[in-house]
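Single-structure report; data block below.
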Amino acid sequence: MRILIIGCGSIGSVLAKAVHDMPEVDRIYVTDQSKDYALHLIESLEKARYVDNVNDNIVKILGEVDLAVEAASQDAARKFIPFVLENGADVMVMSVGVFADDAFREKCFTLAKKHRSRLYVPSGAICGTDGLHSASAAKIQEVHLITRKGPRGLRGAPGLKMKGIDIDSLTEPTVVFEGNARDASNQYPKNLNVAATISLLGVGFDNTHVTIICDPTTERNAHTLIVKGDFGELRCETQNVPSPMTPSTSYLAALSAVAAIKRILGNVWIGV
Ligand SMILES: NC(=O)c1ccc[n+]([C@@H]2O[C@H](COP(=O)([O-])OP(=O)(O)OC[C@H]3O[C@@H](n4cnc5c(N)ncnc54)[C@H](O)[C@@H]3O)[C@@H](O)[C@H]2O)c1
């Protein structure tokens, strides 16, 4: 398999190193808007090559790429997902919040069908997506996500600015957002990708309820997923260790991309 990794930050770095050790992967291309990040990452990865972050350069190698992994930003997702699909490669998306835009999501899903490419969204930083997926085969009455992060995991989010919240002045756990997953994805584009993932699996962006708590007493990125449906009730709690490089990102998110690629490469799928 030949893989293109778009974005050499917290997720892209873990992923590039992990796929380098997979015997089925014979070539890794990496790109980043920062050439330095990309070159630094591949210094010790002999299967890896740098591609300049320009469509024309990427299109030259897309013919020999089986899977492109977007691990960069919503802007990068908007630019690259349709482009990769139109060029016939499969794509894995980490900046899932971009799919809160219905027109863009439909465009990508339609392109995937038209070009017979696969579009993968790993479970990311949350557990319980397997149960939610199964539950969605019957009626679901409620999906509620409660996310609790420390100030470092939420800093810079447009939603905080909109409400004039100074997270550094908080002395106790405080609800900074209560609403649906669409608004959460738009107001917290780098922090709430899991809200988008569970919306796609369950009851959609408008019907998925989200609570975000800024907790100055924690360093963890915690998610509690509550689902009620015909199947019964599910309550799943994930206490994530944040990435040292990008505190809004949890290590589990990178691991979910690694695990997804292992699953794609294998013929036996457990727990689908
Ligand atoms: N699905 C999930 O559960 C989940 C969890 C955490 C993070 N994420 C998302 O995954 C993405 C990557 O996360 P991360 O922690 O690795 O981010 P990061 O900030 O550590 O790294 C992102 C890298 O992408 C590069 N980049 C940004 N925009 C680009 C563009 N337009 N073209 C090329 N390169 C570009 C940056 O220079 C940076 O090196 C983010 O959008 C993040 O919000 C998803």
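Within each chain, counting starts at residue 1; across the structure tokens, chains are named A, B, ... in the order shown, with ligands numbered 1 upward in that order.
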*Sel. of alpha helix (DSSP H) residues, segment 97-192 of chain A, as an MDAnalysis selection string*: chainID A and resid 102:114 129:135 151:154 158:162 181:187
Take the residues just selected and output them with N, CA and C atoms as an mmCIF file, in the first residue's frame.
```
data_model
loop_
_atom_site.group_PDB
_atom_site.id
_atom_site.type_symbol
_atom_site.label_atom_id
_atom_site.label_comp_id
_atom_site.auth_asym_id
_atom_site.auth_seq_id
_atom_site.Cartn_x
_atom_site.Cartn_y
_atom_site.Cartn_z
ATOM 1 N N ASP A 102 -23.462 20.574 5.391
ATOM 2 C CA ASP A 102 -24.234 19.533 4.687
ATOM 3 C C ASP A 102 -23.888 19.449 3.201
ATOM 4 N N ALA A 103 -23.742 20.633 2.552
ATOM 5 C CA ALA A 103 -23.504 20.642 1.104
ATOM 6 C C ALA A 103 -22.133 20.014 0.803
ATOM 7 N N PHE A 104 -21.139 20.359 1.637
ATOM 8 C CA PHE A 104 -19.791 19.803 1.412
ATOM 9 C C PHE A 104 -19.792 18.286 1.655
ATOM 10 N N ARG A 105 -20.505 17.887 2.730
ATOM 11 C CA ARG A 105 -20.544 16.451 3.047
ATOM 12 C C ARG A 105 -21.179 15.665 1.894
ATOM 13 N N GLU A 106 -22.311 16.165 1.413
ATOM 14 C CA GLU A 106 -23.001 15.473 0.314
ATOM 15 C C GLU A 106 -22.107 15.402 -0.923
ATOM 16 N N LYS A 107 -21.410 16.511 -1.185
ATOM 17 C CA LYS A 107 -20.497 16.540 -2.345
ATOM 18 C C LYS A 107 -19.439 15.426 -2.219
ATOM 19 N N CYS A 108 -18.852 15.319 -1.029
ATOM 20 C CA CYS A 108 -17.789 14.320 -0.822
ATOM 21 C C CYS A 108 -18.351 12.897 -0.900
ATOM 22 N N PHE A 109 -19.507 12.680 -0.267
ATOM 23 C CA PHE A 109 -20.079 11.333 -0.266
ATOM 24 C C PHE A 109 -20.462 10.923 -1.693
ATOM 25 N N THR A 110 -20.968 11.883 -2.470
ATOM 26 C CA THR A 110 -21.352 11.598 -3.856
ATOM 27 C C THR A 110 -20.112 11.299 -4.710
ATOM 28 N N LEU A 111 -19.049 12.093 -4.493
ATOM 29 C CA LEU A 111 -17.807 11.855 -5.245
ATOM 30 C C LEU A 111 -17.229 10.472 -4.938
ATOM 31 N N ALA A 112 -17.312 10.076 -3.660
ATOM 32 C CA ALA A 112 -16.780 8.766 -3.272
ATOM 33 C C ALA A 112 -17.521 7.658 -4.033
ATOM 34 N N LYS A 113 -18.844 7.798 -4.096
ATOM 35 C CA LYS A 113 -19.644 6.786 -4.821
ATOM 36 C C LYS A 113 -19.292 6.788 -6.305
ATOM 37 N N LYS A 114 -19.268 8.007 -6.872
ATOM 38 C CA LYS A 114 -19.034 8.143 -8.319
ATOM 39 C C LYS A 114 -17.686 7.542 -8.732
ATOM 40 N N THR A 129 -18.350 4.336 19.747
ATOM 41 C CA THR A 129 -18.897 4.511 18.390
ATOM 42 C C THR A 129 -19.402 3.175 17.830
ATOM 43 N N ASP A 130 -18.790 2.066 18.288
ATOM 44 C CA ASP A 130 -19.259 0.755 17.826
ATOM 45 C C ASP A 130 -20.713 0.519 18.266
ATOM 46 N N GLY A 131 -20.983 0.799 19.556
ATOM 47 C CA GLY A 131 -22.343 0.612 20.094
ATOM 48 C C GLY A 131 -23.345 1.555 19.444
ATOM 49 N N LEU A 132 -22.916 2.807 19.245
ATOM 50 C CA LEU A 132 -23.803 3.785 18.604
ATOM 51 C C LEU A 132 -24.140 3.347 17.180
ATOM 52 N N HIS A 133 -23.131 2.828 16.495
ATOM 53 C CA HIS A 133 -23.333 2.353 15.127
ATOM 54 C C HIS A 133 -24.364 1.221 15.100
ATOM 55 N N SER A 134 -24.192 0.258 15.990
ATOM 56 C CA SER A 134 -25.157 -0.856 16.051
ATOM 57 C C SER A 134 -26.541 -0.333 16.399
ATOM 58 N N ALA A 135 -26.602 0.576 17.383
ATOM 59 C CA ALA A 135 -27.897 1.113 17.829
ATOM 60 C C ALA A 135 -28.629 1.817 16.692
ATOM 61 N N PRO A 151 -8.230 24.067 30.235
ATOM 62 C CA PRO A 151 -8.087 25.269 29.404
ATOM 63 C C PRO A 151 -7.175 25.071 28.194
ATOM 64 N N ARG A 152 -6.093 24.280 28.368
ATOM 65 C CA ARG A 152 -5.163 24.065 27.243
ATOM 66 C C ARG A 152 -5.830 23.342 26.074
ATOM 67 N N GLY A 153 -6.813 22.532 26.381
ATOM 68 C CA GLY A 153 -7.506 21.756 25.341
ATOM 69 C C GLY A 153 -8.581 22.541 24.607
ATOM 70 N N LEU A 154 -8.894 23.751 25.114
ATOM 71 C CA LEU A 154 -9.966 24.551 24.484
ATOM 72 C C LEU A 154 -9.475 25.912 23.998
ATOM 73 N N PRO A 158 -13.078 29.567 18.583
ATOM 74 C CA PRO A 158 -13.923 30.727 18.272
ATOM 75 C C PRO A 158 -15.150 30.826 19.185
ATOM 76 N N GLY A 159 -15.648 29.690 19.649
ATOM 77 C CA GLY A 159 -16.840 29.688 20.513
ATOM 78 C C GLY A 159 -16.619 30.422 21.824
ATOM 79 N N LEU A 160 -15.393 30.386 22.337
ATOM 80 C CA LEU A 160 -15.089 31.079 23.595
ATOM 81 C C LEU A 160 -15.100 32.585 23.364
ATOM 82 N N LYS A 161 -14.521 32.977 22.224
ATOM 83 C CA LYS A 161 -14.461 34.403 21.877
ATOM 84 C C LYS A 161 -15.881 34.943 21.685
ATOM 85 N N MET A 162 -16.706 34.148 20.974
ATOM 86 C CA MET A 162 -18.105 34.555 20.702
ATOM 87 C C MET A 162 -18.846 34.896 21.986
ATOM 88 N N ALA A 181 -24.664 19.497 17.854
ATOM 89 C CA ALA A 181 -23.318 19.152 17.355
ATOM 90 C C ALA A 181 -22.906 20.032 16.189
ATOM 91 N N ARG A 182 -23.875 20.569 15.455
ATOM 92 C CA ARG A 182 -23.510 21.441 14.326
ATOM 93 C C ARG A 182 -22.824 22.707 14.854
ATOM 94 N N ASP A 183 -23.445 23.345 15.854
ATOM 95 C CA ASP A 183 -22.858 24.559 16.421
ATOM 96 C C ASP A 183 -21.538 24.239 17.138
ATOM 97 N N ALA A 184 -21.505 23.093 17.805
ATOM 98 C CA ALA A 184 -20.266 22.701 18.511
ATOM 99 C C ALA A 184 -19.125 22.536 17.504
ATOM 100 N N SER A 185 -19.410 21.897 16.363
ATOM 101 C CA SER A 185 -18.367 21.674 15.339
ATOM 102 C C SER A 185 -17.884 22.995 14.762
ATOM 103 N N ASN A 186 -18.808 23.936 14.579
ATOM 104 C CA ASN A 186 -18.433 25.228 13.994
ATOM 105 C C ASN A 186 -17.708 26.126 14.991
ATOM 106 N N GLN A 187 -18.148 26.084 16.250
ATOM 107 C CA GLN A 187 -17.559 26.984 17.252
ATOM 108 C C GLN A 187 -16.277 26.412 17.879
#
```
With 8 Å as the cut-off and only C-alpha atoms and all ligand atoms counted, what is the closest atom pair between each nearby residue of chain A and ligand 1? Distances in Å to one decimal, ordered by chain and number, as a tab-separated table.
```
residue	atom	partner	partner_atom_place_in_ligand_line	distance
A:Ile6	CA	ligand 1	33 (C)	5.9
A:Gly7	CA	ligand 1	24 (O)	3.5
A:Cys8	CA	ligand 1	39 (O)	4.5
A:Gly9	CA	ligand 1	21 (O)	3.2
A:Ser10	CA	ligand 1	16 (O)	3.7
A:Ile11	CA	ligand 1	16 (O)	3.7
A:Gly12	CA	ligand 1	16 (O)	5.5
A:Ser13	CA	ligand 1	16 (O)	7.5
A:Thr31	CA	ligand 1	33 (C)	6.3
A:Asp32	CA	ligand 1	34 (N)	3.6
A:Gln33	CA	ligand 1	33 (C)	4.0
A:Ser34	CA	ligand 1	37 (O)	5.1
A:Tyr37	CA	ligand 1	39 (O)	6.1
A:Ala38	CA	ligand 1	39 (O)	7.6
A:Asn53	CA	ligand 1	33 (C)	6.0
A:Glu70	CA	ligand 1	11 (C)	7.3
A:Ala71	CA	ligand 1	12 (C)	4.1
A:Ala72	CA	ligand 1	24 (O)	3.4
A:Ser73	CA	ligand 1	41 (O)	3.4
A:Gln74	CA	ligand 1	41 (O)	5.5
A:Asp75	CA	ligand 1	31 (N)	5.3
A:Ala76	CA	ligand 1	31 (N)	3.7
A:Ala77	CA	ligand 1	31 (N)	7.5
A:Lys79	CA	ligand 1	31 (N)	7.3
A:Val93	CA	ligand 1	1 (N)	7.5
A:Met94	CA	ligand 1	1 (N)	4.3
A:Ser95	CA	ligand 1	41 (O)	4.0
A:Val96	CA	ligand 1	1 (N)	5.7
A:Gly97	CA	ligand 1	43 (O)	7.8
A:Val121	CA	ligand 1	1 (N)	7.4
A:Pro122	CA	ligand 1	1 (N)	6.6
A:Ser123	CA	ligand 1	3 (O)	6.5
A:Gly124	CA	ligand 1	3 (O)	3.3
A:Ala125	CA	ligand 1	3 (O)	4.1
A:Ile126	CA	ligand 1	3 (O)	6.6
A:Pro189	CA	ligand 1	43 (O)	6.2
A:Lys190	CA	ligand 1	43 (O)	3.6
A:Asn191	CA	ligand 1	43 (O)	5.9
A:Leu192	CA	ligand 1	43 (O)	7.4
A:Asn193	CA	ligand 1	2 (C)	4.8
A:Val194	CA	ligand 1	3 (O)	4.8
A:Thr197	CA	ligand 1	1 (N)	7.0
A:Ser243	CA	ligand 1	15 (O)	7.3
A:Met245	CA	ligand 1	20 (O)	6.2
A:Thr246	CA	ligand 1	20 (O)	5.0
A:Pro247	CA	ligand 1	15 (O)	7.8
A:Ser248	CA	ligand 1	6 (C)	6.7
A:Thr249	CA	ligand 1	6 (C)	4.0
A:Ser250	CA	ligand 1	6 (C)	5.8
A:Leu252	CA	ligand 1	5 (C)	7.9
A:Ala253	CA	ligand 1	5 (C)	4.8
A:Ala254	CA	ligand 1	5 (C)	7.4
```
*Grab the atom CA of Ala257 of chain A to atom CA of Pro216 of chain A distance for me, in Å with one decimal place.*
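Here the two named atoms are 29.0 Å from each other.
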*Based on DSSP run over this structure's backbone, return all residues of segment 94-193 of chain A in strand (DSSP E), as a ChimeraX atom specification.*
/A:119-120,140-149,174-180
_Residues within 7 Å of segment 205-214 of chain A, only C-alpha atoms, excluding chain neighbours under 3 positions, as a PyMOL selection string_ = chain A and resi 100+143-151+173-182+196+199
What would the file look like if the residues just selected were written as a PDB file, in the first residue's frame with N, CA and C atoms?
```
ATOM      1  N   ALA A 100     -19.911  18.992   9.113  1.00  0.00           N
ATOM      2  CA  ALA A 100     -21.106  19.692   9.623  1.00  0.00           C
ATOM      3  C   ALA A 100     -21.709  20.567   8.524  1.00  0.00           C
ATOM      4  N   VAL A 143     -28.960  11.134  21.817  1.00  0.00           N
ATOM      5  CA  VAL A 143     -27.497  11.039  21.845  1.00  0.00           C
ATOM      6  C   VAL A 143     -26.987  12.316  22.513  1.00  0.00           C
ATOM      7  N   HIS A 144     -26.224  12.147  23.574  1.00  0.00           N
ATOM      8  CA  HIS A 144     -25.692  13.289  24.325  1.00  0.00           C
ATOM      9  C   HIS A 144     -24.192  13.080  24.526  1.00  0.00           C
ATOM     10  N   LEU A 145     -23.419  14.078  24.136  1.00  0.00           N
ATOM     11  CA  LEU A 145     -21.973  14.046  24.347  1.00  0.00           C
ATOM     12  C   LEU A 145     -21.606  15.100  25.378  1.00  0.00           C
ATOM     13  N   ILE A 146     -20.911  14.662  26.422  1.00  0.00           N
ATOM     14  CA  ILE A 146     -20.405  15.636  27.409  1.00  0.00           C
ATOM     15  C   ILE A 146     -18.878  15.610  27.324  1.00  0.00           C
ATOM     16  N   THR A 147     -18.310  16.728  26.903  1.00  0.00           N
ATOM     17  CA  THR A 147     -16.851  16.822  26.765  1.00  0.00           C
ATOM     18  C   THR A 147     -16.299  17.714  27.871  1.00  0.00           C
ATOM     19  N   ARG A 148     -15.257  17.230  28.520  1.00  0.00           N
ATOM     20  CA  ARG A 148     -14.631  17.991  29.611  1.00  0.00           C
ATOM     21  C   ARG A 148     -13.145  18.115  29.291  1.00  0.00           C
ATOM     22  N   LYS A 149     -12.680  19.348  29.103  1.00  0.00           N
ATOM     23  CA  LYS A 149     -11.258  19.553  28.808  1.00  0.00           C
ATOM     24  C   LYS A 149     -10.712  20.654  29.698  1.00  0.00           C
ATOM     25  N   GLY A 150      -9.406  20.613  29.916  1.00  0.00           N
ATOM     26  CA  GLY A 150      -8.757  21.702  30.635  1.00  0.00           C
ATOM     27  C   GLY A 150      -8.603  22.904  29.706  1.00  0.00           C
ATOM     28  N   PRO A 151      -8.230  24.067  30.235  1.00  0.00           N
ATOM     29  CA  PRO A 151      -8.087  25.269  29.404  1.00  0.00           C
ATOM     30  C   PRO A 151      -7.175  25.071  28.194  1.00  0.00           C
ATOM     31  N   PRO A 173     -14.971  23.981  37.334  1.00  0.00           N
ATOM     32  CA  PRO A 173     -15.544  23.475  36.082  1.00  0.00           C
ATOM     33  C   PRO A 173     -16.743  24.325  35.655  1.00  0.00           C
ATOM     34  N   THR A 174     -16.739  24.754  34.383  1.00  0.00           N
ATOM     35  CA  THR A 174     -17.763  25.679  33.894  1.00  0.00           C
ATOM     36  C   THR A 174     -18.271  25.221  32.531  1.00  0.00           C
ATOM     37  N   VAL A 175     -19.582  25.194  32.359  1.00  0.00           N
ATOM     38  CA  VAL A 175     -20.160  24.846  31.052  1.00  0.00           C
ATOM     39  C   VAL A 175     -19.926  26.029  30.112  1.00  0.00           C
ATOM     40  N   VAL A 176     -19.168  25.785  29.024  1.00  0.00           N
ATOM     41  CA  VAL A 176     -18.889  26.875  28.074  1.00  0.00           C
ATOM     42  C   VAL A 176     -19.726  26.736  26.799  1.00  0.00           C
ATOM     43  N   PHE A 177     -20.334  25.571  26.620  1.00  0.00           N
ATOM     44  CA  PHE A 177     -21.205  25.377  25.451  1.00  0.00           C
ATOM     45  C   PHE A 177     -22.274  24.348  25.771  1.00  0.00           C
ATOM     46  N   GLU A 178     -23.476  24.654  25.331  1.00  0.00           N
ATOM     47  CA  GLU A 178     -24.600  23.703  25.449  1.00  0.00           C
ATOM     48  C   GLU A 178     -25.398  23.902  24.173  1.00  0.00           C
ATOM     49  N   GLY A 179     -25.552  22.863  23.381  1.00  0.00           N
ATOM     50  CA  GLY A 179     -26.295  23.041  22.122  1.00  0.00           C
ATOM     51  C   GLY A 179     -26.172  21.814  21.253  1.00  0.00           C
ATOM     52  N   ASN A 180     -26.343  22.008  19.948  1.00  0.00           N
ATOM     53  CA  ASN A 180     -26.274  20.833  19.068  1.00  0.00           C
ATOM     54  C   ASN A 180     -24.864  20.658  18.479  1.00  0.00           C
ATOM     55  N   ALA A 181     -24.664  19.497  17.854  1.00  0.00           N
ATOM     56  CA  ALA A 181     -23.318  19.152  17.355  1.00  0.00           C
ATOM     57  C   ALA A 181     -22.906  20.032  16.189  1.00  0.00           C
ATOM     58  N   ARG A 182     -23.875  20.569  15.455  1.00  0.00           N
ATOM     59  CA  ARG A 182     -23.510  21.441  14.326  1.00  0.00           C
ATOM     60  C   ARG A 182     -22.824  22.707  14.854  1.00  0.00           C
ATOM     61  N   ALA A 196     -18.781  15.527  15.697  1.00  0.00           N
ATOM     62  CA  ALA A 196     -19.126  15.288  14.288  1.00  0.00           C
ATOM     63  C   ALA A 196     -19.175  13.792  13.993  1.00  0.00           C
ATOM     64  N   SER A 199     -22.293  12.328  15.319  1.00  0.00           N
ATOM     65  CA  SER A 199     -23.460  12.814  14.559  1.00  0.00           C
ATOM     66  C   SER A 199     -23.626  12.008  13.278  1.00  0.00           C
TER      67      SER A 199
END
```
*asked:* Show me, as a PyMOL selection string, the residues that have an atom within 6 Å of Ile3 of chain A when counting only C-alpha atoms, minus same-chain residues fewer than 4 positions from it.
replied: chain A and resi 28+65+67-68
*Fewer than 5 positions away in the same chain doesn't count, so skip those; otherwise give me all residues within 12 Å of Lys262 of chain A, counting only C-alpha atoms, as a PyMOL selection string.*
chain A and resi 1+15+18-19+21-25+122+255-257+267-270
Could you take the residues named above and write them with N, CA and C atoms, as a tab-separated table (two decimals), in the first residue's frame?
```tsv
chain	number	residue	atom	x	y	z
A	1	MET	N	0.83	-1.20	0.00
A	1	MET	CA	0.00	0.00	0.00
A	1	MET	C	0.88	1.26	0.00
A	15	LEU	N	1.12	8.66	13.05
A	15	LEU	CA	0.68	7.78	11.97
A	15	LEU	C	1.83	7.41	11.04
A	18	ALA	N	4.05	4.88	12.62
A	18	ALA	CA	3.40	3.57	12.76
A	18	ALA	C	3.29	2.84	11.42
A	19	VAL	N	2.90	3.57	10.37
A	19	VAL	CA	2.73	2.87	9.08
A	19	VAL	C	4.10	2.51	8.48
A	21	ASP	N	6.35	1.10	10.00
A	21	ASP	CA	6.69	-0.24	10.52
A	21	ASP	C	5.79	-1.33	9.95
A	22	MET	N	4.81	-0.96	9.12
A	22	MET	CA	3.91	-1.99	8.57
A	22	MET	C	4.50	-2.53	7.26
A	23	PRO	N	4.75	-3.85	7.20
A	23	PRO	CA	5.39	-4.40	5.99
A	23	PRO	C	4.56	-4.20	4.73
A	24	GLU	N	3.22	-4.08	4.88
A	24	GLU	CA	2.36	-3.92	3.69
A	24	GLU	C	2.49	-2.53	3.08
A	25	VAL	N	3.06	-1.59	3.85
A	25	VAL	CA	3.19	-0.21	3.34
A	25	VAL	C	4.57	-0.05	2.71
A	122	PRO	N	-12.20	7.49	11.07
A	122	PRO	CA	-11.89	6.67	12.26
A	122	PRO	C	-12.68	7.14	13.48
A	255	LEU	N	-4.09	7.03	17.47
A	255	LEU	CA	-4.12	5.56	17.49
A	255	LEU	C	-5.29	5.02	16.68
A	256	SER	N	-6.41	5.76	16.67
A	256	SER	CA	-7.58	5.28	15.92
A	256	SER	C	-7.29	5.26	14.42
A	257	ALA	N	-6.47	6.20	13.95
A	257	ALA	CA	-6.10	6.21	12.53
A	257	ALA	C	-5.16	5.03	12.22
A	267	ASN	N	-7.78	-8.84	6.33
A	267	ASN	CA	-9.00	-9.40	5.74
A	267	ASN	C	-10.05	-9.74	6.79
A	268	VAL	N	-9.65	-9.75	8.05
A	268	VAL	CA	-10.58	-10.12	9.12
A	268	VAL	C	-10.93	-8.86	9.91
A	269	TRP	N	-12.21	-8.54	9.98
A	269	TRP	CA	-12.65	-7.34	10.70
A	269	TRP	C	-13.42	-7.76	11.95
A	270	ILE	N	-12.89	-7.43	13.12
A	270	ILE	CA	-13.56	-7.78	14.37
A	270	ILE	C	-14.27	-6.54	14.91
```
*For the atom pair atom CA of Thr171 of chain A and atom CA of Tyr188 of chain A, what is the interatomic distance in Å to one decimal place?*
21.3 Å
*Tell me, as a ChimeraX atom specification, which residues lie within 9 Å of Gln141 of chain A, counting only C-alpha atoms; anything in the same chain fewer than 5 positions away does not count.*
/A:203,227-230
Dump N, CA and C atoms for the selected residues as a PDB file, in the first residue's frame?
```
ATOM      1  N   VAL A 203     -27.739  10.339  15.094  1.00  0.00           N
ATOM      2  CA  VAL A 203     -28.978  11.046  14.767  1.00  0.00           C
ATOM      3  C   VAL A 203     -28.733  12.396  14.060  1.00  0.00           C
ATOM      4  N   VAL A 227     -26.182   7.256  25.003  1.00  0.00           N
ATOM      5  CA  VAL A 227     -27.109   6.945  23.903  1.00  0.00           C
ATOM      6  C   VAL A 227     -28.281   6.169  24.473  1.00  0.00           C
ATOM      7  N   LYS A 228     -29.502   6.596  24.122  1.00  0.00           N
ATOM      8  CA  LYS A 228     -30.704   5.850  24.519  1.00  0.00           C
ATOM      9  C   LYS A 228     -31.466   5.495  23.256  1.00  0.00           C
ATOM     10  N   GLY A 229     -31.868   4.233  23.170  1.00  0.00           N
ATOM     11  CA  GLY A 229     -32.580   3.807  21.964  1.00  0.00           C
ATOM     12  C   GLY A 229     -33.309   2.505  22.204  1.00  0.00           C
ATOM     13  N   ASP A 230     -33.841   1.924  21.113  1.00  0.00           N
ATOM     14  CA  ASP A 230     -34.572   0.661  21.233  1.00  0.00           C
ATOM     15  C   ASP A 230     -33.704  -0.444  21.836  1.00  0.00           C
TER      16      ASP A 230
END
```
*Nearest to Phe80 of chain A: which of A:Asp215, A:Ala137, A:Leu41, A:Leu62 is it, counting only C-alpha atoms?*
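Closest to Phe80 of chain A of all the choices is A:Leu62.
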*asked:* Using Å and a single decimal, report how far atom CA of Leu234 of chain A sits from atom CA of Gly202 of chain A.
replied: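 Taking atom CA of Gly202 of chain A as the start and atom CA of Leu234 of chain A as the end point, the length is 12.8 Å.
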